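model22.cif (mmCIF, C-alpha atoms)
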data_final
loop_
_atom_site.label_atom_id
_atom_site.label_comp_id
_atom_site.auth_asym_id
_atom_site.auth_seq_id
_atom_site.Cartn_x
_atom_site.Cartn_y
_atom_site.Cartn_z
CA ARG K 131 186.21 83.46 18.66
CA GLY K 132 185.92 80.47 16.42
CA GLU K 133 186.44 78.83 13.06
CA LEU K 134 183.99 79.07 10.18
CA LEU K 135 182.72 75.71 8.96
CA GLU K 136 181.23 77.05 5.72
CA GLU K 137 181.08 80.09 3.53
CA PRO K 138 178.35 82.70 4.12
CA ILE K 139 174.90 81.93 2.72
CA ARG K 140 173.00 85.10 1.88
CA PHE K 141 169.23 85.22 2.36
CA GLN K 142 166.47 87.77 2.83
CA ALA K 143 164.82 88.32 6.19
CA GLU K 144 161.16 87.40 6.48
CA THR K 145 160.22 90.66 8.19
CA ASP K 146 162.37 93.17 6.27
CA ARG K 147 162.84 92.31 2.59
CA ASN K 148 165.38 95.10 2.09
CA GLN K 149 167.64 93.86 4.86
CA ALA K 150 170.10 91.20 3.71
CA ARG K 151 171.32 88.56 6.11
CA ASN K 152 174.10 86.00 6.06
CA GLN K 153 174.21 82.69 7.88
CA LEU K 154 177.30 80.67 8.77
CA GLN K 155 178.21 77.76 11.02
CA LEU K 156 180.81 78.72 13.62
CA ARG K 157 182.82 76.27 15.74
CA LEU K 158 183.60 78.12 18.97
CA THR K 159 187.09 78.19 20.45
CA GLY K 160 186.64 80.91 23.10
CA ILE K 161 184.23 83.39 24.69
CA ARG K 162 185.34 86.67 26.28
CA ILE K 163 183.98 86.89 29.79
CA SER K 164 185.82 90.12 30.72
CA PRO K 165 187.74 92.83 28.81
CA HIS K 166 191.04 90.94 29.17
CA ARG K 167 189.99 87.36 29.83
CA TRP K 168 188.91 84.62 27.45
CA GLN K 169 187.27 81.35 28.41
CA LEU K 170 187.77 78.23 26.30
CA ALA K 171 184.57 77.04 24.65
CA GLN K 172 183.38 74.28 22.34
CA GLY K 173 180.35 73.53 20.22
CA VAL K 174 178.84 74.76 16.97
CA ARG K 175 176.76 77.92 16.79
CA THR K 176 174.67 79.28 13.94
CA LEU K 177 176.00 82.76 13.19
CA THR K 178 173.62 85.25 11.59
CA VAL K 179 175.08 88.56 10.41
CA ILE K 180 172.74 91.41 9.42
CA GLY K 181 173.93 93.37 6.41
CA GLU K 182 176.29 92.78 3.49
CA LEU K 183 179.08 90.53 4.73
CA PRO K 184 182.48 90.45 3.00
CA HIS K 185 183.66 87.20 1.45
CA TYR K 186 184.78 84.65 4.01
CA ARG K 187 185.89 81.07 3.44
CA ALA K 188 185.53 77.87 5.41
CA GLY K 189 188.39 77.55 7.88
CA ASP K 190 188.81 81.28 8.53
CA GLU K 191 189.35 82.20 12.18
CA VAL K 192 187.15 85.10 13.21
CA GLU K 193 186.25 87.16 16.23
CA VAL K 194 182.55 87.96 16.51
CA TRP K 195 180.61 90.39 18.66
CA GLY K 196 176.96 89.54 18.98
CA HIS K 197 174.08 88.23 21.05
CA LEU K 198 174.43 84.58 22.06
CA THR K 199 171.10 82.88 22.73
CA GLU K 200 169.59 79.43 22.93
CA PRO K 201 167.26 78.07 20.19
CA ASN K 202 163.63 78.98 20.66
CA SER K 203 161.45 76.34 22.27
CA PRO K 204 158.03 75.42 20.82
CA ARG K 205 155.46 78.12 21.48
CA ASN K 206 152.34 76.39 20.16
CA PRO K 207 150.79 73.01 20.98
CA GLY K 208 151.95 70.36 18.54
CA GLU K 209 154.77 72.48 17.14
CA ARG K 210 158.01 70.71 16.21
CA ASP K 211 160.75 70.89 18.83
CA ARG K 212 163.65 72.40 16.89
CA VAL K 213 165.78 72.54 20.04
CA TRP K 214 166.03 68.77 20.15
CA SER K 215 166.79 68.42 16.44
CA LEU K 216 169.47 71.12 16.57
CA ARG K 217 171.05 69.56 19.65
CA ALA K 218 171.25 66.25 17.81
CA LYS K 219 173.36 68.07 15.20
CA HIS K 220 175.57 69.61 17.93
CA ARG K 221 174.19 73.07 17.22
CA LEU K 222 173.63 74.31 20.72
CA GLY K 223 172.95 78.00 20.25
CA ARG K 224 172.47 80.98 18.00
CA LEU K 225 174.71 84.00 17.59
CA VAL K 226 173.37 87.19 15.97
CA SER K 227 175.60 90.10 14.93
CA PRO K 228 173.84 93.37 14.11
CA HIS K 229 176.45 94.63 11.61
CA PRO K 230 179.17 93.18 9.32
CA ASP K 231 181.82 95.19 11.20
CA CYS K 232 181.08 93.01 14.23
CA VAL K 233 182.91 90.17 12.45
CA LYS K 234 186.71 90.49 12.43
CA LEU K 235 189.04 88.22 10.48
CA LEU K 236 191.88 86.85 12.61
CA ALA K 237 193.52 84.34 10.26
CA SER K 238 192.75 83.13 6.74
CA ALA K 239 192.31 79.46 6.01
CA ASP K 240 194.78 77.44 3.98
CA ASP K 241 193.69 76.52 0.46
CA TRP K 242 194.15 72.78 1.02
CA ARG K 243 191.81 72.67 3.99
CA HIS K 244 188.06 72.07 3.73
CA PRO K 245 188.00 70.75 0.14
CA ILE K 246 184.32 69.80 0.35
CA GLN K 247 183.33 73.34 1.32
CA ARG K 248 185.43 74.68 -1.55
CA LEU K 249 183.67 72.34 -3.97
CA ARG K 250 180.25 73.26 -2.59
CA SER K 251 181.06 76.97 -2.97
CA TRP K 252 182.17 76.39 -6.57
CA CYS K 253 178.90 74.57 -7.32
CA ARG K 254 176.92 77.43 -5.80
CA THR K 255 178.84 79.92 -7.97
CA VAL K 256 178.15 77.90 -11.12
CA LEU K 257 174.42 77.71 -10.35
CA GLN K 258 174.22 81.46 -9.74
CA ARG K 259 176.11 82.15 -12.97
CA TYR K 260 174.07 80.01 -15.35
CA ILE K 261 170.65 79.98 -13.61
CA THR K 262 170.15 83.63 -12.86
CA ASN K 263 166.40 83.78 -12.24
CA HIS K 264 165.94 80.68 -10.07
CA SER K 265 169.39 79.99 -8.65
CA ASP K 266 167.92 79.71 -5.15
CA LEU K 267 165.54 76.94 -6.26
CA ALA K 268 168.33 75.19 -8.19
CA GLU K 269 170.58 75.32 -5.14
CA ALA K 270 167.83 73.75 -3.03
CA LEU K 271 167.27 70.97 -5.60
CA PHE K 272 170.96 70.18 -6.22
CA LEU K 273 172.66 70.97 -2.91
CA GLY K 274 169.79 70.78 -0.42
CA ASN K 275 170.16 74.40 0.76
CA ARG K 276 166.65 75.79 1.36
CA LEU K 277 167.75 78.87 3.28
CA GLN K 278 167.54 81.23 0.31
CA LEU K 279 164.02 80.17 -0.69
CA SER K 280 161.15 82.47 0.15
CA PRO K 281 158.79 81.27 2.90
CA GLN K 282 155.87 81.44 0.44
CA LEU K 283 157.57 79.04 -1.98
CA VAL K 284 158.50 76.59 0.78
CA GLU K 285 154.93 76.70 2.07
CA THR K 286 153.63 75.96 -1.43
CA PHE K 287 155.80 72.84 -1.68
CA GLU K 288 154.73 71.73 1.78
CA GLN K 289 151.00 72.22 1.16
CA THR K 290 151.15 70.25 -2.10
CA GLY K 291 153.06 67.37 -0.51
CA THR K 292 156.14 67.87 -2.71
CA ALA K 293 158.54 69.32 -0.13
CA HIS K 294 160.76 66.23 -0.43
CA PHE K 295 161.92 67.56 -3.80
CA LEU K 296 163.62 70.44 -1.97
CA ALA K 297 165.41 68.10 0.44
CA VAL K 298 168.14 66.12 -1.29
CA SER K 299 167.07 62.53 -0.76
CA GLY K 300 167.16 59.09 -2.33
CA LEU K 301 165.25 60.34 -5.38
CA HIS K 302 168.09 62.71 -6.28
CA VAL K 303 170.70 60.03 -5.67
CA GLY K 304 168.76 57.53 -7.78
CA ILE K 305 168.46 59.97 -10.68
CA LEU K 306 172.18 60.73 -10.55
CA ALA K 307 173.09 57.03 -10.36
CA ALA K 308 170.82 56.22 -13.32
CA LEU K 309 172.37 59.05 -15.35
CA VAL K 310 175.96 57.99 -14.65
CA ILE K 311 175.33 54.29 -15.30
CA PHE K 312 173.43 55.16 -18.52
CA LEU K 313 176.29 57.29 -19.85
CA ALA K 314 178.92 54.77 -18.77
CA ARG K 315 177.12 51.73 -20.19
CA GLY K 316 176.28 53.61 -23.38
CA SER K 317 179.92 53.60 -24.42
CA PRO K 318 181.19 50.20 -25.59
CA ARG K 319 184.74 51.11 -24.56
CA ILE K 320 183.88 51.33 -20.86
CA PRO K 321 183.93 47.93 -19.11
CA PHE K 322 181.06 46.94 -16.86
CA ARG K 323 183.14 46.98 -13.67
CA LEU K 324 184.52 50.44 -14.47
CA ALA K 325 180.97 51.74 -15.04
CA ILE K 326 179.88 50.40 -11.65
CA LEU K 327 182.91 51.92 -9.91
CA ALA K 328 182.33 55.28 -11.62
CA THR K 329 178.71 55.27 -10.45
CA VAL K 330 179.65 54.48 -6.85
CA SER K 331 182.37 57.16 -6.87
CA MET K 332 180.00 59.85 -8.16
CA ILE K 333 177.33 58.92 -5.63
CA VAL K 334 179.76 59.03 -2.70
CA ILE K 335 181.11 62.43 -3.81
CA TYR K 336 177.59 63.79 -4.18
CA ALA K 337 176.58 62.45 -0.76
CA VAL K 338 179.54 64.18 0.90
CA LEU K 339 178.91 67.36 -1.12
CA THR K 340 175.31 67.63 0.08
CA GLY K 341 176.18 67.15 3.75
CA GLY K 342 175.74 63.40 4.17
CA ARG K 343 172.29 63.59 5.73
CA ALA K 344 170.57 60.38 6.79
CA PRO K 345 168.36 59.99 3.66
CA ILE K 346 171.40 60.55 1.44
CA PHE K 347 173.48 58.12 3.49
CA ARG K 348 170.71 55.54 3.27
CA ALA K 349 170.42 55.85 -0.50
CA THR K 350 174.20 55.76 -0.95
CA THR K 351 174.44 52.62 1.16
CA LEU K 352 171.78 50.88 -0.91
CA ILE K 353 173.51 51.79 -4.18
CA VAL K 354 176.90 50.63 -2.88
CA LEU K 355 175.42 47.31 -1.75
CA ALA K 356 173.65 46.86 -5.09
CA SER K 357 176.91 47.59 -6.92
CA VAL K 358 178.80 45.06 -4.82
CA SER K 359 176.05 42.55 -5.59
CA GLN K 360 176.49 43.19 -9.32
CA LEU K 361 180.27 42.85 -9.16
CA THR K 362 180.24 39.68 -7.05
CA ARG K 363 177.15 38.21 -8.80
CA ARG K 364 175.46 37.59 -5.46
CA ARG K 365 171.75 37.92 -4.88
CA LEU K 366 170.74 41.08 -3.01
CA SER K 367 168.02 41.22 -0.38
CA PRO K 368 166.38 44.69 -0.50
CA PHE K 369 165.06 44.64 3.06
CA ASN K 370 168.38 43.36 4.45
CA SER K 371 170.14 46.18 2.58
CA LEU K 372 167.73 48.69 4.08
CA ALA K 373 168.38 47.25 7.53
CA THR K 374 172.14 47.52 6.90
CA ALA K 375 171.74 51.21 6.10
CA GLY K 376 169.77 51.66 9.33
CA LEU K 377 172.46 49.94 11.37
CA ALA K 378 175.13 52.11 9.74
CA ILE K 379 173.22 55.27 10.69
CA LEU K 380 172.68 53.89 14.20
CA ILE K 381 176.44 53.44 14.60
CA GLY K 382 177.49 56.76 13.05
CA ARG K 383 174.64 59.12 13.99
CA PRO K 384 172.23 57.43 16.40
CA SER K 385 170.12 60.56 16.95
CA GLU K 386 169.31 60.74 13.21
CA LEU K 387 167.06 57.68 13.48
CA PHE K 388 164.64 59.72 15.61
CA GLN K 389 164.39 62.56 13.09
CA THR K 390 161.15 62.82 11.12
CA GLY K 391 162.94 63.02 7.77
CA THR K 392 164.90 59.84 8.44
CA GLN K 393 161.80 57.92 9.49
CA LEU K 394 159.90 59.08 6.40
CA SER K 395 162.83 58.09 4.19
CA PHE K 396 163.08 54.53 5.51
CA LEU K 397 159.31 54.05 5.53
CA ALA K 398 158.99 55.29 1.94
CA VAL K 399 161.77 53.00 0.68
CA ALA K 400 160.29 49.98 2.45
CA THR K 401 156.95 50.74 0.81
CA LEU K 402 158.58 51.06 -2.62
CA ILE K 403 160.34 47.73 -2.18
CA HIS K 404 157.06 46.03 -1.30
CA VAL K 405 155.20 47.64 -4.24
CA GLY K 406 157.98 46.65 -6.64
CA HIS K 407 157.79 43.06 -5.39
CA LEU K 408 154.01 42.98 -5.96
CA PHE K 409 154.32 44.27 -9.53
CA SER K 410 157.12 41.83 -10.33
CA GLN K 411 154.83 38.96 -9.32
CA GLU K 412 152.11 40.18 -11.72
CA GLU K 413 154.27 39.67 -14.81
CA ASP K 414 152.89 36.90 -17.03
CA PRO K 415 155.39 34.00 -17.12
CA ASP K 416 153.75 32.46 -20.21
CA PRO K 417 156.24 32.76 -23.12
CA ILE K 418 153.46 32.55 -25.72
CA THR K 419 151.70 35.56 -24.20
CA ARG K 420 154.94 37.55 -24.19
CA LEU K 421 155.57 36.56 -27.82
CA ILE K 422 152.09 37.76 -28.83
CA CYS K 423 152.72 41.09 -27.11
CA LYS K 424 156.02 41.52 -28.96
CA SER K 425 154.32 40.79 -32.30
CA ARG K 426 152.00 43.79 -32.02
CA PRO K 427 152.87 47.12 -33.72
CA ARG K 428 155.63 49.21 -32.20
CA TRP K 429 153.34 52.10 -31.26
CA ILE K 430 151.01 49.78 -29.36
CA GLN K 431 153.96 48.31 -27.45
CA SER K 432 155.21 51.82 -26.63
CA LEU K 433 151.77 52.96 -25.49
CA ARG K 434 151.32 49.88 -23.30
CA GLY K 435 154.77 50.44 -21.83
CA VAL K 436 154.03 54.09 -21.00
CA LEU K 437 150.69 53.22 -19.42
CA ARG K 438 152.28 50.41 -17.44
CA SER K 439 155.05 52.69 -16.20
CA PHE K 440 152.56 55.36 -15.16
CA GLN K 441 150.48 52.73 -13.35
CA ILE K 442 153.51 51.57 -11.38
CA ILE K 443 154.66 55.11 -10.55
CA PHE K 444 151.18 56.28 -9.49
CA THR K 445 150.59 53.17 -7.39
CA ALA K 446 153.97 53.60 -5.71
CA SER K 447 153.29 57.31 -5.04
CA LEU K 448 149.86 56.53 -3.62
CA ALA K 449 151.25 53.74 -1.41
CA VAL K 450 154.04 55.97 -0.07
CA TRP K 451 151.56 58.79 0.58
CA LEU K 452 149.27 56.49 2.54
CA THR K 453 152.01 54.90 4.64
CA THR K 454 153.69 58.20 5.50
CA LEU K 455 150.41 60.06 6.09
CA PRO K 456 150.29 59.45 9.89
CA ILE K 457 153.79 60.89 10.36
CA THR K 458 153.23 63.91 8.11
CA THR K 459 149.93 64.80 9.74
CA ARG K 460 151.41 64.42 13.22
CA SER K 461 154.66 66.31 12.56
CA PHE K 462 153.68 68.88 9.93
CA HIS K 463 149.87 69.07 10.37
CA LEU K 464 149.38 68.68 6.61
CA LEU K 465 147.04 66.52 4.55
CA PRO K 466 147.91 67.13 0.86
CA PRO K 467 145.52 65.05 -1.33
CA ALA K 468 147.23 66.15 -4.57
CA ALA K 469 150.59 64.67 -3.59
CA PRO K 470 150.22 61.24 -5.31
CA VAL K 471 149.32 62.84 -8.66
CA LEU K 472 151.95 65.58 -8.51
CA ASN K 473 154.71 63.18 -7.45
CA SER K 474 153.86 60.95 -10.41
CA PHE K 475 154.77 63.74 -12.87
CA LEU K 476 157.25 66.06 -11.14
CA TRP K 477 160.12 63.54 -11.23
CA ILE K 478 160.32 64.12 -15.01
CA PRO K 479 161.31 67.84 -14.90
CA LEU K 480 163.43 67.11 -11.84
CA SER K 481 165.37 64.48 -13.82
CA ILE K 482 165.82 66.88 -16.75
#

Could you rewrite the structure in this file as structure tokens?
Amino acid sequence: RGELLEEPIRFQAETDRNQARNQLQLRLTGIRISPHRWQLAQGVRTLTVIGELPHYRAGDEVEVWGHLTEPNSPRNPGERDRVWSLRAKHRLGRLVSPHPDCVKLLASADDWRHPIQRLRSWCRTVLQRYITNHSDLAEALFLGNRLQLSPQLVETFEQTGTAHFLAVSGLHVGILAALVIFLARGSPRIPFRLAILATVSMIVIYAVLTGGRAPIFRATTLIVLASVSQLTRRRLSPFNSLATAGLAILIGRPSELFQTGTQLSFLAVATLIHVGHLFSQEEDPDPITRLICKSRPRWIQSLRGVLRSFQIIFTASLAVWLTTLPITTRSFHLLPPAAPVLNSFLWIPLSI
């Protein structure tokens, strides 16, 4: 017996394409050890139900019959240890039910409970309604849920070095923050402080909506610190802000610092900060030179601006690829040479 922490996520099995499966997170409250005796239990289990499962909501109390097992240990040399990563998230086992009738509803959840899960379910419904052909990809890009993607598509993203687009990270948060601040500052009726507060509010809501993973928490912390710096007119140190985000994760979720995704996120941001500092030093301080550049035709200025932007983006992508290459080759056994070029262009359709 237990309480559902989320609504069912439907996906196709890798072996049998015609067999639908549903995955849920179940917080255990008891395990039956004899026909008339229940033992109290705790912990979170991943519940997989084979077949078409009726609609359940987060907070529903259910009784499940199934096979309770431990996560599989690595079977090949150099394979990632998923047992350790799942234990860090308090997911200590796996429960598989062979039929939807093996799940019995004991009590329905109240409507006021689990508001974040309700909002996430509403977002998933909207994506499925308006993006019919690629709702699974849209859900991975917007909400970070990669469960419904086919293994072939995930492998394609991994082999091209663009798998970070599927994991909601600082890039997604930065695009959302830029969009909100652009819309807010575009209206003359919205004060500057209100625009900053609206941006911070949207980012915090989005971080909670997507699960509050370490890369999202890091990006949200940086944006909040930058907003406070703007409001108080105090100078912001990028590396100190990054260290503050690391300390916050260390206090809240210490095991997250040892996850590969978290390490790649912090290393990539530190590289971007350093590259941005190098390019800012290259700007010509001579006012006469800047005046000559502004006197040229508009199309020449636009072309120079586009080429300069592409140079910065490509250099940043190449620097991040080089600095994160040892971790990606060690953890994922991948060496994608096309990643710097693809990452320089793919952020445009992602932003749209």

Shell of 12 Å around segment 427-440 of chain K, all atoms listed in the file, local chain residues under 2 positions omitted, as a list in words = Gly406, Phe409, Glu412, Glu413, Arg420, Leu421, Ile422, Cys423, Lys424, Ser425, Ile442, Ile443, Phe444, Thr445, Ala446, Ser447, Leu448, Pro470, Val471, Asn473, Ser474, Phe475, Trp477 and Ile478 of chain K

ask   = Interatomic distance between atom CA of Thr178 of chain K and atom CA of Arg224 of chain K?
value =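 Atom-to-atom, atom CA of Thr178 of chain K and atom CA of Arg224 of chain K are spaced 7.8 Å apart.
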
Next item on the list: Tell me which protein, DNA and RNA residues are within 9 Å of segment 318-323 of chain K, counting only C-alpha atoms, leaving out same-chain ones fewer than 5 positions away, and put them as a PyMOL selection string.
Entry: chain K and resi 328+360-361

Print the selection's residues with C-alpha atoms to a file, as a PDB file, in the frame of the given file.
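So again-v9.pdb came out as:
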ATOM      1  CA  ALA K 328     182.330  55.280 -11.620  1.00  0.00           C
ATOM      2  CA  GLN K 360     176.490  43.190  -9.320  1.00  0.00           C
ATOM      3  CA  LEU K 361     180.270  42.850  -9.160  1.00  0.00           C
TER       4      LEU K 361
END

_Counting all atoms listed in the file, which residues sit no farther than 12 Å from the position (166.3, 46.6, 0.8) in the file's frame? I'd like them as an MDAnalysis selection string._
chainID K and resid 348:349 351:356 365:376 396:404 406:407

Residue with the minimum atom-to-atom distance to Leu277 of chain K, picked from K:Thr362, K:Ser238, K:Thr340, K:Asn152 with only C-alpha atoms counted, is K:Asn152

Restricting to only C-alpha atoms, whichever of K:His463, K:Arg259, K:Arg343, K:Lys234 is closest to Glu193 of chain K is K:Lys234

* To do: May I ask which of the residues K:Leu158, K:Gln247, K:Arg254, K:Gln282 is the closest one to Leu222 of chain K, counting only C-alpha atoms?
  =>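 Among the listed residues, K:Leu158 lies closest to Leu222 of chain K.
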